[in-house]
$ cat entry_24.cif   # mmCIF, N, CA and C atoms, pLDDT in the B column; chains and numbers go by the auth columns
data_upload
loop_
_atom_site.group_PDB
_atom_site.id
_atom_site.type_symbol
_atom_site.label_atom_id
_atom_site.label_comp_id
_atom_site.label_asym_id
_atom_site.label_seq_id
_atom_site.Cartn_x
_atom_site.Cartn_y
_atom_site.Cartn_z
_atom_site.B_iso_or_equiv
_atom_site.auth_seq_id
_atom_site.auth_asym_id
ATOM 1 N N MET A 1 262.535 134.301 63.808 78.00 1 A
ATOM 2 C CA MET A 1 261.826 134.132 62.560 78.00 1 A
ATOM 3 C C MET A 1 262.841 134.237 61.420 78.00 1 A
ATOM 4 N N THR A 2 262.724 133.364 60.452 93.00 2 A
ATOM 5 C CA THR A 2 263.677 133.331 59.344 93.00 2 A
ATOM 6 C C THR A 2 263.221 134.232 58.203 93.00 2 A
ATOM 7 N N LEU A 3 264.115 134.447 57.274 95.00 3 A
ATOM 8 C CA LEU A 3 263.796 135.236 56.093 95.00 3 A
ATOM 9 C C LEU A 3 262.657 134.587 55.306 95.00 3 A
ATOM 10 N N ALA A 4 262.681 133.267 55.197 95.00 4 A
ATOM 11 C CA ALA A 4 261.620 132.563 54.468 95.00 4 A
ATOM 12 C C ALA A 4 260.258 132.784 55.134 95.00 4 A
ATOM 13 N N GLU A 5 260.226 132.801 56.459 96.00 5 A
ATOM 14 C CA GLU A 5 258.969 133.044 57.174 96.00 5 A
ATOM 15 C C GLU A 5 258.492 134.479 56.953 96.00 5 A
ATOM 16 N N ASP A 6 259.419 135.421 56.932 96.00 6 A
ATOM 17 C CA ASP A 6 259.062 136.811 56.654 96.00 6 A
ATOM 18 C C ASP A 6 258.516 136.948 55.232 96.00 6 A
ATOM 19 N N GLN A 7 259.155 136.290 54.292 96.00 7 A
ATOM 20 C CA GLN A 7 258.683 136.326 52.907 96.00 7 A
ATOM 21 C C GLN A 7 257.287 135.728 52.790 96.00 7 A
ATOM 22 N N LYS A 8 257.022 134.679 53.551 96.00 8 A
ATOM 23 C CA LYS A 8 255.706 134.051 53.535 96.00 8 A
ATOM 24 C C LYS A 8 254.639 135.004 54.087 96.00 8 A
ATOM 25 N N ILE A 9 254.959 135.723 55.156 96.00 9 A
ATOM 26 C CA ILE A 9 254.021 136.688 55.730 96.00 9 A
ATOM 27 C C ILE A 9 253.713 137.783 54.720 96.00 9 A
ATOM 28 N N ILE A 10 254.745 138.271 54.035 97.00 10 A
ATOM 29 C CA ILE A 10 254.544 139.309 53.024 97.00 10 A
ATOM 30 C C ILE A 10 253.658 138.787 51.901 97.00 10 A
ATOM 31 N N ALA A 11 253.935 137.582 51.436 97.00 11 A
ATOM 32 C CA ALA A 11 253.133 136.986 50.364 97.00 11 A
ATOM 33 C C ALA A 11 251.689 136.765 50.793 97.00 11 A
ATOM 34 N N GLU A 12 251.480 136.304 52.019 96.00 12 A
ATOM 35 C CA GLU A 12 250.124 136.049 52.504 96.00 12 A
ATOM 36 C C GLU A 12 249.318 137.335 52.696 96.00 12 A
ATOM 37 N N ASN A 13 250.018 138.460 52.765 96.00 13 A
ATOM 38 C CA ASN A 13 249.341 139.752 52.874 96.00 13 A
ATOM 39 C C ASN A 13 249.230 140.448 51.522 96.00 13 A
ATOM 40 N N GLY A 14 249.379 139.697 50.442 97.00 14 A
ATOM 41 C CA GLY A 14 249.166 140.232 49.100 97.00 14 A
ATOM 42 C C GLY A 14 250.411 140.732 48.404 97.00 14 A
ATOM 43 N N GLY A 15 251.582 140.493 48.976 97.00 15 A
ATOM 44 C CA GLY A 15 252.826 140.942 48.375 97.00 15 A
ATOM 45 C C GLY A 15 253.245 142.292 48.923 97.00 15 A
ATOM 46 N N PRO A 16 254.419 142.753 48.505 97.00 16 A
ATOM 47 C CA PRO A 16 254.954 144.002 49.049 97.00 16 A
ATOM 48 C C PRO A 16 254.064 145.227 48.846 97.00 16 A
ATOM 49 N N SER A 17 253.469 145.361 47.675 97.00 17 A
ATOM 50 C CA SER A 17 252.639 146.551 47.403 97.00 17 A
ATOM 51 C C SER A 17 251.397 146.579 48.277 97.00 17 A
ATOM 52 N N GLN A 18 250.722 145.450 48.379 97.00 18 A
ATOM 53 C CA GLN A 18 249.506 145.379 49.203 97.00 18 A
ATOM 54 C C GLN A 18 249.822 145.583 50.676 97.00 18 A
ATOM 55 N N LEU A 19 250.868 144.948 51.153 97.00 19 A
ATOM 56 C CA LEU A 19 251.252 145.083 52.553 97.00 19 A
ATOM 57 C C LEU A 19 251.664 146.526 52.855 97.00 19 A
ATOM 58 N N ALA A 20 252.377 147.153 51.931 98.00 20 A
ATOM 59 C CA ALA A 20 252.776 148.550 52.117 98.00 20 A
ATOM 60 C C ALA A 20 251.539 149.444 52.258 98.00 20 A
ATOM 61 N N ARG A 21 250.508 149.187 51.475 97.00 21 A
ATOM 62 C CA ARG A 21 249.270 149.970 51.591 97.00 21 A
ATOM 63 C C ARG A 21 248.624 149.772 52.963 97.00 21 A
ATOM 64 N N LYS A 22 248.616 148.533 53.436 96.00 22 A
ATOM 65 C CA LYS A 22 248.035 148.249 54.756 96.00 22 A
ATOM 66 C C LYS A 22 248.767 148.991 55.870 96.00 22 A
ATOM 67 N N LEU A 23 250.096 149.090 55.734 97.00 23 A
ATOM 68 C CA LEU A 23 250.920 149.690 56.776 97.00 23 A
ATOM 69 C C LEU A 23 251.145 151.183 56.548 97.00 23 A
ATOM 70 N N ASN A 24 250.664 151.693 55.418 97.00 24 A
ATOM 71 C CA ASN A 24 250.858 153.094 55.038 97.00 24 A
ATOM 72 C C ASN A 24 252.352 153.418 54.850 97.00 24 A
ATOM 73 N N TYR A 25 253.064 152.496 54.196 97.00 25 A
ATOM 74 C CA TYR A 25 254.469 152.664 53.864 97.00 25 A
ATOM 75 C C TYR A 25 254.608 152.685 52.352 97.00 25 A
ATOM 76 N N ARG A 26 255.768 153.134 51.885 97.00 26 A
ATOM 77 C CA ARG A 26 256.070 153.047 50.450 97.00 26 A
ATOM 78 C C ARG A 26 256.434 151.593 50.120 97.00 26 A
ATOM 79 N N SER A 27 256.076 151.178 48.918 95.00 27 A
ATOM 80 C CA SER A 27 256.250 149.765 48.555 95.00 27 A
ATOM 81 C C SER A 27 257.721 149.332 48.526 95.00 27 A
ATOM 82 N N HIS A 28 258.655 150.241 48.178 97.00 28 A
ATOM 83 C CA HIS A 28 260.062 149.826 48.129 97.00 28 A
ATOM 84 C C HIS A 28 260.580 149.459 49.515 97.00 28 A
ATOM 85 N N ARG A 29 260.013 150.076 50.547 97.00 29 A
ATOM 86 C CA ARG A 29 260.425 149.746 51.923 97.00 29 A
ATOM 87 C C ARG A 29 260.066 148.300 52.249 97.00 29 A
ATOM 88 N N VAL A 30 258.858 147.916 51.920 97.00 30 A
ATOM 89 C CA VAL A 30 258.403 146.546 52.189 97.00 30 A
ATOM 90 C C VAL A 30 259.096 145.564 51.248 97.00 30 A
ATOM 91 N N GLN A 31 259.351 145.975 50.022 97.00 31 A
ATOM 92 C CA GLN A 31 260.071 145.122 49.075 97.00 31 A
ATOM 93 C C GLN A 31 261.446 144.755 49.636 97.00 31 A
ATOM 94 N N ASN A 32 262.121 145.689 50.288 98.00 32 A
ATOM 95 C CA ASN A 32 263.428 145.406 50.886 98.00 32 A
ATOM 96 C C ASN A 32 263.330 144.317 51.949 98.00 32 A
ATOM 97 N N TRP A 33 262.201 144.232 52.625 97.00 33 A
ATOM 98 C CA TRP A 33 262.028 143.207 53.657 97.00 33 A
ATOM 99 C C TRP A 33 262.067 141.798 53.072 97.00 33 A
ATOM 100 N N THR A 34 261.740 141.631 51.792 97.00 34 A
ATOM 101 C CA THR A 34 261.785 140.305 51.181 97.00 34 A
ATOM 102 C C THR A 34 263.222 139.824 51.022 97.00 34 A
ATOM 103 N N VAL A 35 264.184 140.758 51.078 97.00 35 A
ATOM 104 C CA VAL A 35 265.602 140.419 50.945 97.00 35 A
ATOM 105 C C VAL A 35 266.295 140.424 52.310 97.00 35 A
ATOM 106 N N ARG A 36 265.932 141.395 53.138 97.00 36 A
ATOM 107 C CA ARG A 36 266.616 141.585 54.429 97.00 36 A
ATOM 108 C C ARG A 36 265.863 141.021 55.617 97.00 36 A
ATOM 109 N N GLY A 37 264.595 140.731 55.441 97.00 37 A
ATOM 110 C CA GLY A 37 263.757 140.311 56.554 97.00 37 A
ATOM 111 C C GLY A 37 263.020 141.503 57.147 97.00 37 A
ATOM 112 N N ILE A 38 261.948 141.235 57.856 97.00 38 A
ATOM 113 C CA ILE A 38 261.157 142.288 58.477 97.00 38 A
ATOM 114 C C ILE A 38 261.862 142.715 59.763 97.00 38 A
ATOM 115 N N PRO A 39 262.168 143.999 59.903 97.00 39 A
ATOM 116 C CA PRO A 39 262.846 144.456 61.122 97.00 39 A
ATOM 117 C C PRO A 39 261.999 144.199 62.371 97.00 39 A
ATOM 118 N N PRO A 40 262.623 143.801 63.464 96.00 40 A
ATOM 119 C CA PRO A 40 261.875 143.528 64.702 96.00 40 A
ATOM 120 C C PRO A 40 261.018 144.704 65.170 96.00 40 A
ATOM 121 N N LYS A 41 261.518 145.935 64.998 96.00 41 A
ATOM 122 C CA LYS A 41 260.727 147.084 65.445 96.00 41 A
ATOM 123 C C LYS A 41 259.429 147.210 64.650 96.00 41 A
ATOM 124 N N GLU A 42 259.453 146.799 63.383 97.00 42 A
ATOM 125 C CA GLU A 42 258.233 146.844 62.574 97.00 42 A
ATOM 126 C C GLU A 42 257.252 145.766 63.031 97.00 42 A
ATOM 127 N N LYS A 43 257.779 144.614 63.416 96.00 43 A
ATOM 128 C CA LYS A 43 256.917 143.540 63.916 96.00 43 A
ATOM 129 C C LYS A 43 256.221 143.968 65.208 96.00 43 A
ATOM 130 N N LEU A 44 256.927 144.746 66.025 96.00 44 A
ATOM 131 C CA LEU A 44 256.319 145.231 67.266 96.00 44 A
ATOM 132 C C LEU A 44 255.300 146.328 67.016 96.00 44 A
ATOM 133 N N LYS A 45 255.486 147.107 65.961 96.00 45 A
ATOM 134 C CA LYS A 45 254.522 148.159 65.611 96.00 45 A
ATOM 135 C C LYS A 45 253.214 147.568 65.091 96.00 45 A
ATOM 136 N N PHE A 46 253.310 146.473 64.344 96.00 46 A
ATOM 137 C CA PHE A 46 252.148 145.870 63.694 96.00 46 A
ATOM 138 C C PHE A 46 252.062 144.367 63.983 96.00 46 A
ATOM 139 N N PRO A 47 251.986 143.975 65.248 96.00 47 A
ATOM 140 C CA PRO A 47 252.001 142.536 65.559 96.00 47 A
ATOM 141 C C PRO A 47 250.803 141.785 64.986 96.00 47 A
ATOM 142 N N GLU A 48 249.656 142.449 64.878 95.00 48 A
ATOM 143 C CA GLU A 48 248.461 141.769 64.364 95.00 48 A
ATOM 144 C C GLU A 48 248.614 141.358 62.902 95.00 48 A
ATOM 145 N N ILE A 49 249.491 142.028 62.178 94.00 49 A
ATOM 146 C CA ILE A 49 249.725 141.696 60.772 94.00 49 A
ATOM 147 C C ILE A 49 251.013 140.898 60.600 94.00 49 A
ATOM 148 N N LEU A 50 252.087 141.357 61.218 94.00 50 A
ATOM 149 C CA LEU A 50 253.416 140.792 60.956 94.00 50 A
ATOM 150 C C LEU A 50 253.808 139.639 61.870 94.00 50 A
ATOM 151 N N MET A 51 253.067 139.427 62.953 89.00 51 A
ATOM 152 C CA MET A 51 253.406 138.322 63.851 89.00 51 A
ATOM 153 C C MET A 51 252.267 137.319 63.979 89.00 51 A
ATOM 154 N N LYS A 52 251.188 137.571 63.306 70.00 52 A
ATOM 155 C CA LYS A 52 250.003 136.722 63.419 70.00 52 A
ATOM 156 C C LYS A 52 250.298 135.268 63.066 70.00 52 A
ATOM 157 N N LYS A 53 250.985 135.055 61.986 54.00 53 A
ATOM 158 C CA LYS A 53 251.249 133.688 61.534 54.00 53 A
ATOM 159 C C LYS A 53 252.134 132.944 62.524 54.00 53 A
ATOM 160 N N GLN A 54 253.114 133.617 63.086 50.00 54 A
ATOM 161 C CA GLN A 54 254.005 132.976 64.064 50.00 54 A
ATOM 162 C C GLN A 54 253.213 132.553 65.293 50.00 54 A
ATOM 163 N N ASN A 55 252.334 133.397 65.776 50.00 55 A
ATOM 164 C CA ASN A 55 251.534 133.075 66.945 50.00 55 A
ATOM 165 C C ASN A 55 250.597 131.908 66.667 50.00 55 A
ATOM 166 N N GLU A 56 250.019 131.873 65.476 58.00 56 A
ATOM 167 C CA GLU A 56 249.121 130.765 65.120 58.00 56 A
ATOM 168 C C GLU A 56 249.878 129.444 65.052 58.00 56 A
ATOM 169 N N GLU A 57 251.094 129.475 64.488 54.00 57 A
ATOM 170 C CA GLU A 57 251.894 128.255 64.385 54.00 57 A
ATOM 171 C C GLU A 57 252.254 127.717 65.753 54.00 57 A
ATOM 172 N N LYS A 58 252.585 128.592 66.686 54.00 58 A
ATOM 173 C CA LYS A 58 252.928 128.157 68.025 54.00 58 A
ATOM 174 C C LYS A 58 251.741 127.501 68.714 54.00 58 A
ATOM 175 N N SER A 59 250.549 128.060 68.530 55.00 59 A
ATOM 176 C CA SER A 59 249.376 127.491 69.189 55.00 59 A
ATOM 177 C C SER A 59 248.990 126.144 68.580 55.00 59 A
ATOM 178 N N CYS A 60 249.310 125.938 67.322 57.00 60 A
ATOM 179 C CA CYS A 60 248.989 124.673 66.677 57.00 60 A
ATOM 180 C C CYS A 60 249.940 123.558 67.115 57.00 60 A
ATOM 181 N N THR A 61 251.176 123.915 67.452 58.00 61 A
ATOM 182 C CA THR A 61 252.154 122.885 67.792 58.00 61 A
ATOM 183 C C THR A 61 252.145 122.519 69.268 58.00 61 A
ATOM 184 N N THR A 62 251.444 123.309 70.094 56.00 62 A
ATOM 185 C CA THR A 62 251.421 123.008 71.525 56.00 62 A
ATOM 186 C C THR A 62 250.146 122.349 71.929 56.00 62 A
#
$ encode --input "entry_24.cif" --output "C-alpha cells"
Amino acid sequence: MTLAEDQKIIAENGGPSQLARKLNYRSHRVQNWTVRGIPPKEKLKFPEILMKKQNEEKSCTT
C-alpha cells in the first residue's frame, strides 16, 4: 500500500482527528501517518478500518 492510499484511508475516515478518536489514539500519532504511512502493525490491529478499502478494491478488480 502506498502513502497516497494510506492518506486516502485517513481522509475517508474523517481525517486524522476523527480516525484517532475511532482508534482511541492521540491525533498527532495519526497525523504522522499522513507523512510516513500507516504502520503495518496498526493495519493488523484494526483491519476493519485500515485495510477495508484495499480489500474492497481487490474484490472489484477480480
$ resolve_selection --input "entry_24.cif" --expression "the PyMOL selection byres (((chain A and resi 34 and name CA) around 9) and name CA)" --output "list in words"
Leu3, Ala4, Asp6, Gln7, Ile10, Pro16, Val30, Gln31, Asn32, Trp33, Val35, Arg36, Gly37 and Ile38 of chain A
$ atom_distance --input "entry_24.cif" --atom1 "atom N of Lys43 (chain A)" --atom2 "atom C of Leu19 (chain A)"
12.4 Å
$ select_by_dssp --input "entry_24.cif" --residues "chain A" --states "alpha helix (DSSP H)" --output "ChimeraX atom specification"
/A:3-12,15-23,27-36,40-45,47-50,52-61
$ atom_distance --input "entry_24.cif" --atom1 "atom N of Leu50 (chain A)" --atom2 "CA of Ser17 (chain A)"
14.8 Å
$ atom_distance --input "entry_24.cif" --atom1 "CA of Lys8 (chain A)" --atom2 "CA of Asn24 (chain A)"
19.7 Å
$ closest_residue --input "entry_24.cif" --among "A:Pro39, A:Glu12, A:Ala20, A:Tyr25" --to "Lys52 (chain A)" --atoms "only C-alpha atoms"
A:Glu12
$ axis_aligned_box --input "entry_24.cif" --around "region 21-25 of chain A" --padding-each-side "5 Å" --output "AutoDock Vina command-line options"
--center_x 251.3 --center_y 150.8 --center_z 54.1 --size_x 16.6 --size_y 15.2 --size_z 15.3
$ resolve_selection --input "entry_24.cif" --expression "the PyMOL selection byres (((chain A and resi 45-49 and name CA) around 10) and name CA)" --output "ChimeraX atom specification"
/A:9-10,13,19,22-23,40-44,50-55
$ build_atoms --input "entry_24.cif" --residues "region 14-35 of chain A" --atoms "N, CA, C and O atoms" --output "PDB file, in the frame of the given file"
ATOM      1  N   GLY A  14     249.379 139.697  50.442  1.00 97.00           N
ATOM      2  CA  GLY A  14     249.166 140.232  49.100  1.00 97.00           C
ATOM      3  C   GLY A  14     250.411 140.732  48.404  1.00 97.00           C
ATOM      4  O   GLY A  14     250.323 141.359  47.356  1.00 97.00           O
ATOM      5  N   GLY A  15     251.582 140.493  48.976  1.00 97.00           N
ATOM      6  CA  GLY A  15     252.826 140.942  48.375  1.00 97.00           C
ATOM      7  C   GLY A  15     253.245 142.292  48.923  1.00 97.00           C
ATOM      8  O   GLY A  15     252.523 142.920  49.701  1.00 97.00           O
ATOM      9  N   PRO A  16     254.419 142.753  48.505  1.00 97.00           N
ATOM     10  CA  PRO A  16     254.954 144.002  49.049  1.00 97.00           C
ATOM     11  C   PRO A  16     254.064 145.227  48.846  1.00 97.00           C
ATOM     12  O   PRO A  16     253.905 146.032  49.756  1.00 97.00           O
ATOM     13  N   SER A  17     253.469 145.361  47.675  1.00 97.00           N
ATOM     14  CA  SER A  17     252.639 146.551  47.403  1.00 97.00           C
ATOM     15  C   SER A  17     251.397 146.579  48.277  1.00 97.00           C
ATOM     16  O   SER A  17     251.065 147.616  48.869  1.00 97.00           O
ATOM     17  N   GLN A  18     250.722 145.450  48.379  1.00 97.00           N
ATOM     18  CA  GLN A  18     249.506 145.379  49.203  1.00 97.00           C
ATOM     19  C   GLN A  18     249.822 145.583  50.676  1.00 97.00           C
ATOM     20  O   GLN A  18     249.114 146.297  51.379  1.00 97.00           O
ATOM     21  N   LEU A  19     250.868 144.948  51.153  1.00 97.00           N
ATOM     22  CA  LEU A  19     251.252 145.083  52.553  1.00 97.00           C
ATOM     23  C   LEU A  19     251.664 146.526  52.855  1.00 97.00           C
ATOM     24  O   LEU A  19     251.311 147.067  53.899  1.00 97.00           O
ATOM     25  N   ALA A  20     252.377 147.153  51.931  1.00 98.00           N
ATOM     26  CA  ALA A  20     252.776 148.550  52.117  1.00 98.00           C
ATOM     27  C   ALA A  20     251.539 149.444  52.258  1.00 98.00           C
ATOM     28  O   ALA A  20     251.519 150.343  53.096  1.00 98.00           O
ATOM     29  N   ARG A  21     250.508 149.187  51.475  1.00 97.00           N
ATOM     30  CA  ARG A  21     249.270 149.970  51.591  1.00 97.00           C
ATOM     31  C   ARG A  21     248.624 149.772  52.963  1.00 97.00           C
ATOM     32  O   ARG A  21     248.160 150.722  53.576  1.00 97.00           O
ATOM     33  N   LYS A  22     248.616 148.533  53.436  1.00 96.00           N
ATOM     34  CA  LYS A  22     248.035 148.249  54.756  1.00 96.00           C
ATOM     35  C   LYS A  22     248.767 148.991  55.870  1.00 96.00           C
ATOM     36  O   LYS A  22     248.154 149.442  56.828  1.00 96.00           O
ATOM     37  N   LEU A  23     250.096 149.090  55.734  1.00 97.00           N
ATOM     38  CA  LEU A  23     250.920 149.690  56.776  1.00 97.00           C
ATOM     39  C   LEU A  23     251.145 151.183  56.548  1.00 97.00           C
ATOM     40  O   LEU A  23     251.777 151.835  57.378  1.00 97.00           O
ATOM     41  N   ASN A  24     250.664 151.693  55.418  1.00 97.00           N
ATOM     42  CA  ASN A  24     250.858 153.094  55.038  1.00 97.00           C
ATOM     43  C   ASN A  24     252.352 153.418  54.850  1.00 97.00           C
ATOM     44  O   ASN A  24     252.836 154.449  55.299  1.00 97.00           O
ATOM     45  N   TYR A  25     253.064 152.496  54.196  1.00 97.00           N
ATOM     46  CA  TYR A  25     254.469 152.664  53.864  1.00 97.00           C
ATOM     47  C   TYR A  25     254.608 152.685  52.352  1.00 97.00           C
ATOM     48  O   TYR A  25     253.714 152.254  51.625  1.00 97.00           O
ATOM     49  N   ARG A  26     255.768 153.134  51.885  1.00 97.00           N
ATOM     50  CA  ARG A  26     256.070 153.047  50.450  1.00 97.00           C
ATOM     51  C   ARG A  26     256.434 151.593  50.120  1.00 97.00           C
ATOM     52  O   ARG A  26     257.037 150.896  50.935  1.00 97.00           O
ATOM     53  N   SER A  27     256.076 151.178  48.918  1.00 95.00           N
ATOM     54  CA  SER A  27     256.250 149.765  48.555  1.00 95.00           C
ATOM     55  C   SER A  27     257.721 149.332  48.526  1.00 95.00           C
ATOM     56  O   SER A  27     258.022 148.179  48.834  1.00 95.00           O
ATOM     57  N   HIS A  28     258.655 150.241  48.178  1.00 97.00           N
ATOM     58  CA  HIS A  28     260.062 149.826  48.129  1.00 97.00           C
ATOM     59  C   HIS A  28     260.580 149.459  49.515  1.00 97.00           C
ATOM     60  O   HIS A  28     261.460 148.613  49.642  1.00 97.00           O
ATOM     61  N   ARG A  29     260.013 150.076  50.547  1.00 97.00           N
ATOM     62  CA  ARG A  29     260.425 149.746  51.923  1.00 97.00           C
ATOM     63  C   ARG A  29     260.066 148.300  52.249  1.00 97.00           C
ATOM     64  O   ARG A  29     260.887 147.535  52.762  1.00 97.00           O
ATOM     65  N   VAL A  30     258.858 147.916  51.920  1.00 97.00           N
ATOM     66  CA  VAL A  30     258.403 146.546  52.189  1.00 97.00           C
ATOM     67  C   VAL A  30     259.096 145.564  51.248  1.00 97.00           C
ATOM     68  O   VAL A  30     259.421 144.448  51.642  1.00 97.00           O
ATOM     69  N   GLN A  31     259.351 145.975  50.022  1.00 97.00           N
ATOM     70  CA  GLN A  31     260.071 145.122  49.075  1.00 97.00           C
ATOM     71  C   GLN A  31     261.446 144.755  49.636  1.00 97.00           C
ATOM     72  O   GLN A  31     261.887 143.617  49.508  1.00 97.00           O
ATOM     73  N   ASN A  32     262.121 145.689  50.288  1.00 98.00           N
ATOM     74  CA  ASN A  32     263.428 145.406  50.886  1.00 98.00           C
ATOM     75  C   ASN A  32     263.330 144.317  51.949  1.00 98.00           C
ATOM     76  O   ASN A  32     264.289 143.575  52.166  1.00 98.00           O
ATOM     77  N   TRP A  33     262.201 144.232  52.625  1.00 97.00           N
ATOM     78  CA  TRP A  33     262.028 143.207  53.657  1.00 97.00           C
ATOM     79  C   TRP A  33     262.067 141.798  53.072  1.00 97.00           C
ATOM     80  O   TRP A  33     262.387 140.847  53.782  1.00 97.00           O
ATOM     81  N   THR A  34     261.740 141.631  51.792  1.00 97.00           N
ATOM     82  CA  THR A  34     261.785 140.305  51.181  1.00 97.00           C
ATOM     83  C   THR A  34     263.222 139.824  51.022  1.00 97.00           C
ATOM     84  O   THR A  34     263.453 138.627  50.875  1.00 97.00           O
ATOM     85  N   VAL A  35     264.184 140.758  51.078  1.00 97.00           N
ATOM     86  CA  VAL A  35     265.602 140.419  50.945  1.00 97.00           C
ATOM     87  C   VAL A  35     266.295 140.424  52.310  1.00 97.00           C
ATOM     88  O   VAL A  35     267.098 139.540  52.608  1.00 97.00           O
TER      89      VAL A  35
END
